[in-house]
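Worksheet: the structure to be examined is printed underneath.
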Amino acid sequence: MPELPEVEVTRRSFADRIAGARVTAVRLGAALRWPLGCDPETLAGFSVGHAQRRGKYLWLPLERGADERCGLLIHLGMSGSLAFSDAPPDPGRHDHFDLLTTRGTLRLTDPRRFGAVVWSTSLDSGMAAKLLAPLGHEPFDPALTARAFHEALKGRRAPVKAALLAGDIVVGAGNIYACEALFAAGIDPRTPCSRIGPARAERLLACVRATLSRALELGGSTLRDFRDAHGMDGAFQAEAQVYGREGQRCVRCGGAVRRIVQGQRSTFYCPGCQRR
DNA sequence: AGTTAAACCTGGTTGC
DNA sequence: TGCAACCAGGTTTAAC
């Protein structure tokens, strides 16, 4: 579920409220993708800082006293969502992590358990550093110029959609937004990266950005189970031009939207509007 | 090196 | 109705 917009919407929905809270306890449910990496009891007494986002990860800084710092790196996986509330109900079978604080409980619900909460001493060290190391630019980072984007694509033979999903050039676009951005850019998802010239690279980057910001405005996409930490649905899915629309009319040319499989993931595109 | 497949899980939908 | 097969927003790891 959660691509960059959903993760960012989630972050915004609780960051201000949890900042300054003190951790009172941690409850662990079933195992997630990785173990927490510390004794949960040791987190009590830390105060929570302002949640940050890097790619599809959230970073919750923790601090005790002047110089004792660490934090939790959170990933929502495929089906995860966070809720921050005063008195959450008893944990259900998919509630795998609770951070109890003086301002409320941050709860990770994740049926498929591809998500994770990982303790790390800082963003630049330990497990967090290891997980974040392969990530490419933030999509809205001005340092990611059209030229830099083109240079990164140039040397690759992989299909352009695979390169977007890989996230080692630019992070944030998952399966939905990669499909949508490629449609907006008029580029066939199977096109080898090396065949994309400077002009199309520039257009694609602009479309990735436009797609992600539009999704952010709409509060993300809710396909099955995404909610922000207030329990709000996203609305982007109603605007999807190709994702999930196999066999339906292309909104631009009226032709049929097609579904193919690339790297074990569904790709939706319009053969009429998207060219190699 | 670079691409592809398998793996981690559960649940919903589809089709026989 | 039951059950098998397939599908799902992500990412790492192992295998060609």
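We label chains A, B, ... in the order they appear in the structure tokens, count residues from 1 in each chain, and number ligands from 1 in the order shown.
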Task: DSSP-assigned helix (DSSP H, G or I) members of range 172-275 of chain A, reported as a PyMOL selection string - done: chain A and resi 175-185+193-195+198-217+236-239
Atoms to include: N, CA and C atoms. Write the selected residues as an mmCIF file, in the first residue's frame.
```
data_model
loop_
_atom_site.group_PDB
_atom_site.id
_atom_site.type_symbol
_atom_site.label_atom_id
_atom_site.label_comp_id
_atom_site.auth_asym_id
_atom_site.auth_seq_id
_atom_site.Cartn_x
_atom_site.Cartn_y
_atom_site.Cartn_z
ATOM 1 N N ASN A 175 4.521 0.926 -7.087
ATOM 2 C CA ASN A 175 3.880 0.379 -8.288
ATOM 3 C C ASN A 175 2.797 1.294 -8.859
ATOM 4 N N ILE A 176 2.002 1.888 -8.007
ATOM 5 C CA ILE A 176 0.928 2.752 -8.511
ATOM 6 C C ILE A 176 1.510 3.989 -9.184
ATOM 7 N N TYR A 177 2.349 4.705 -8.439
ATOM 8 C CA TYR A 177 2.806 6.003 -8.941
ATOM 9 C C TYR A 177 3.821 5.870 -10.065
ATOM 10 N N ALA A 178 4.554 4.754 -10.100
ATOM 11 C CA ALA A 178 5.446 4.525 -11.243
ATOM 12 C C ALA A 178 4.608 4.369 -12.509
ATOM 13 N N CYS A 179 3.548 3.575 -12.426
ATOM 14 C CA CYS A 179 2.658 3.408 -13.586
ATOM 15 C C CYS A 179 2.048 4.747 -14.003
ATOM 16 N N GLU A 180 1.582 5.491 -13.025
ATOM 17 C CA GLU A 180 0.909 6.749 -13.324
ATOM 18 C C GLU A 180 1.865 7.785 -13.906
ATOM 19 N N ALA A 181 3.068 7.844 -13.358
ATOM 20 C CA ALA A 181 4.043 8.821 -13.846
ATOM 21 C C ALA A 181 4.450 8.490 -15.280
ATOM 22 N N LEU A 182 4.622 7.209 -15.580
ATOM 23 C CA LEU A 182 4.998 6.820 -16.943
ATOM 24 C C LEU A 182 3.872 7.117 -17.930
ATOM 25 N N PHE A 183 2.640 6.948 -17.469
ATOM 26 C CA PHE A 183 1.510 7.307 -18.331
ATOM 27 C C PHE A 183 1.520 8.815 -18.594
ATOM 28 N N ALA A 184 1.684 9.575 -17.533
ATOM 29 C CA ALA A 184 1.684 11.030 -17.674
ATOM 30 C C ALA A 184 2.798 11.491 -18.609
ATOM 31 N N ALA A 185 3.915 10.774 -18.571
ATOM 32 C CA ALA A 185 5.060 11.161 -19.405
ATOM 33 C C ALA A 185 4.962 10.594 -20.824
ATOM 34 N N CYS A 193 16.052 2.062 -20.147
ATOM 35 C CA CYS A 193 16.480 3.375 -19.637
ATOM 36 C C CYS A 193 17.396 4.094 -20.614
ATOM 37 N N SER A 194 18.277 3.308 -21.215
ATOM 38 C CA SER A 194 19.289 3.904 -22.100
ATOM 39 C C SER A 194 18.673 4.556 -23.338
ATOM 40 N N ARG A 195 17.426 4.212 -23.637
ATOM 41 C CA ARG A 195 16.787 4.799 -24.816
ATOM 42 C C ARG A 195 16.056 6.098 -24.508
ATOM 43 N N PRO A 198 17.513 13.079 -23.089
ATOM 44 C CA PRO A 198 17.433 14.167 -22.106
ATOM 45 C C PRO A 198 16.041 14.783 -21.997
ATOM 46 N N ALA A 199 15.377 14.970 -23.109
ATOM 47 C CA ALA A 199 14.067 15.633 -23.079
ATOM 48 C C ALA A 199 13.030 14.756 -22.392
ATOM 49 N N ARG A 200 13.034 13.472 -22.738
ATOM 50 C CA ARG A 200 12.056 12.586 -22.108
ATOM 51 C C ARG A 200 12.398 12.347 -20.645
ATOM 52 N N ALA A 201 13.683 12.308 -20.337
ATOM 53 C CA ALA A 201 14.082 12.155 -18.927
ATOM 54 C C ALA A 201 13.553 13.330 -18.111
ATOM 55 N N GLU A 202 13.691 14.511 -18.676
ATOM 56 C CA GLU A 202 13.213 15.708 -17.980
ATOM 57 C C GLU A 202 11.702 15.634 -17.767
ATOM 58 N N ARG A 203 11.005 15.191 -18.795
ATOM 59 C CA ARG A 203 9.549 15.078 -18.689
ATOM 60 C C ARG A 203 9.174 14.018 -17.657
ATOM 61 N N LEU A 204 9.875 12.907 -17.678
ATOM 62 C CA LEU A 204 9.556 11.832 -16.733
ATOM 63 C C LEU A 204 9.771 12.286 -15.286
ATOM 64 N N LEU A 205 10.876 12.960 -15.054
ATOM 65 C CA LEU A 205 11.143 13.444 -13.700
ATOM 66 C C LEU A 205 10.045 14.401 -13.252
ATOM 67 N N ALA A 206 9.655 15.288 -14.169
ATOM 68 C CA ALA A 206 8.578 16.230 -13.845
ATOM 69 C C ALA A 206 7.286 15.476 -13.538
ATOM 70 N N CYS A 207 7.040 14.412 -14.270
ATOM 71 C CA CYS A 207 5.803 13.637 -14.061
ATOM 72 C C CYS A 207 5.840 12.833 -12.768
ATOM 73 N N VAL A 208 7.005 12.315 -12.424
ATOM 74 C CA VAL A 208 7.140 11.632 -11.130
ATOM 75 C C VAL A 208 6.801 12.627 -10.017
ATOM 76 N N ARG A 209 7.377 13.808 -10.128
ATOM 77 C CA ARG A 209 7.127 14.826 -9.101
ATOM 78 C C ARG A 209 5.672 15.244 -9.068
ATOM 79 N N ALA A 210 5.098 15.479 -10.238
ATOM 80 C CA ALA A 210 3.699 15.927 -10.299
ATOM 81 C C ALA A 210 2.768 14.848 -9.749
ATOM 82 N N THR A 211 3.050 13.603 -10.090
ATOM 83 C CA THR A 211 2.208 12.495 -9.633
ATOM 84 C C THR A 211 2.260 12.360 -8.116
ATOM 85 N N LEU A 212 3.486 12.420 -7.578
ATOM 86 C CA LEU A 212 3.627 12.289 -6.131
ATOM 87 C C LEU A 212 3.005 13.475 -5.409
ATOM 88 N N SER A 213 3.157 14.684 -5.959
ATOM 89 C CA SER A 213 2.585 15.817 -5.220
ATOM 90 C C SER A 213 1.070 15.832 -5.304
ATOM 91 N N ARG A 214 0.540 15.405 -6.441
ATOM 92 C CA ARG A 214 -0.925 15.314 -6.534
ATOM 93 C C ARG A 214 -1.462 14.292 -5.526
ATOM 94 N N ALA A 215 -0.769 13.160 -5.427
ATOM 95 C CA ALA A 215 -1.196 12.131 -4.468
ATOM 96 C C ALA A 215 -1.113 12.667 -3.042
ATOM 97 N N LEU A 216 -0.080 13.444 -2.766
ATOM 98 C CA LEU A 216 0.057 14.042 -1.438
ATOM 99 C C LEU A 216 -1.119 14.960 -1.132
ATOM 100 N N GLU A 217 -1.473 15.790 -2.107
ATOM 101 C CA GLU A 217 -2.604 16.708 -1.940
ATOM 102 C C GLU A 217 -3.875 15.963 -1.598
ATOM 103 N N PHE A 236 -6.546 9.489 -3.938
ATOM 104 C CA PHE A 236 -5.866 9.488 -5.240
ATOM 105 C C PHE A 236 -6.367 8.392 -6.160
ATOM 106 N N GLN A 237 -6.709 7.251 -5.577
ATOM 107 C CA GLN A 237 -7.070 6.097 -6.414
ATOM 108 C C GLN A 237 -8.187 6.422 -7.404
ATOM 109 N N ALA A 238 -9.055 7.382 -7.032
ATOM 110 C CA ALA A 238 -10.135 7.755 -7.937
ATOM 111 C C ALA A 238 -9.599 8.485 -9.164
ATOM 112 N N GLU A 239 -8.372 9.005 -9.053
ATOM 113 C CA GLU A 239 -7.789 9.746 -10.168
ATOM 114 C C GLU A 239 -6.811 8.929 -10.988
#
```
At a cut-off of 9 Å, which residues of chain C touch chain A? Count only C-alpha atoms (C1' of nucleotides) and give the answer as a compact mmCIF listing (two decimals) with N, CA and C atoms (P, O5', C5', C4', C3', O3' and C1' of nucleotides), in the first residue's frame.
```txt
# COMPACT_ATOMS: atom_id res chain seq x y z
P DA C 8 -1.33 -8.01 -8.91
O5' DA C 8 -1.45 -7.39 -7.43
C5' DA C 8 -2.47 -6.45 -7.13
C4' DA C 8 -2.39 -6.09 -5.66
C3' DA C 8 -0.96 -5.85 -5.17
O3' DA C 8 -0.60 -4.49 -5.38
C1' DA C 8 -2.16 -7.24 -3.64
P DG C 9 0.64 -4.13 -6.29
O5' DG C 9 1.24 -2.82 -5.62
C5' DG C 9 0.43 -1.83 -5.02
C4' DG C 9 1.31 -0.75 -4.43
C3' DG C 9 2.47 -1.25 -3.58
O3' DG C 9 3.34 -0.15 -3.36
C1' DG C 9 0.67 -0.64 -2.21
P DG C 10 4.83 -0.43 -3.60
O5' DG C 10 5.21 -1.44 -2.43
C5' DG C 10 5.22 -0.99 -1.10
C4' DG C 10 6.49 -1.45 -0.41
C3' DG C 10 7.79 -1.14 -1.16
O3' DG C 10 8.72 -0.65 -0.21
C1' DG C 10 7.64 -3.46 -0.76
P DT C 11 10.08 -0.02 -0.64
O5' DT C 11 11.11 -1.23 -0.49
C5' DT C 11 11.45 -1.64 0.83
C4' DT C 11 12.15 -2.96 0.78
C3' DT C 11 13.47 -2.97 0.00
O3' DT C 11 14.49 -3.14 0.95
C1' DT C 11 12.18 -4.94 -0.34
```
Task: Residues of chain B within 8 Å of chain A, counting only C-alpha atoms (C1' of nucleotides), as a PyMOL selection string - done: chain B and resi 3-4+8-10
- [ ] Can you pull out every residue within 10 Å of DC7 in chain C, counting only C-alpha atoms (C1' of nucleotides), but drop anything in the same chain fewer than 5 positions away, and send it as a PyMOL selection string?
- [x] (chain A and resi 266) or (chain B and resi 12-14)
- [ ] Determine which residues of range 182-264 of chain A receive a DSSP assignment of strand (DSSP E), computed from the backbone, and state them as a VMD selection string.
- [x] chain A and resid 258 to 262
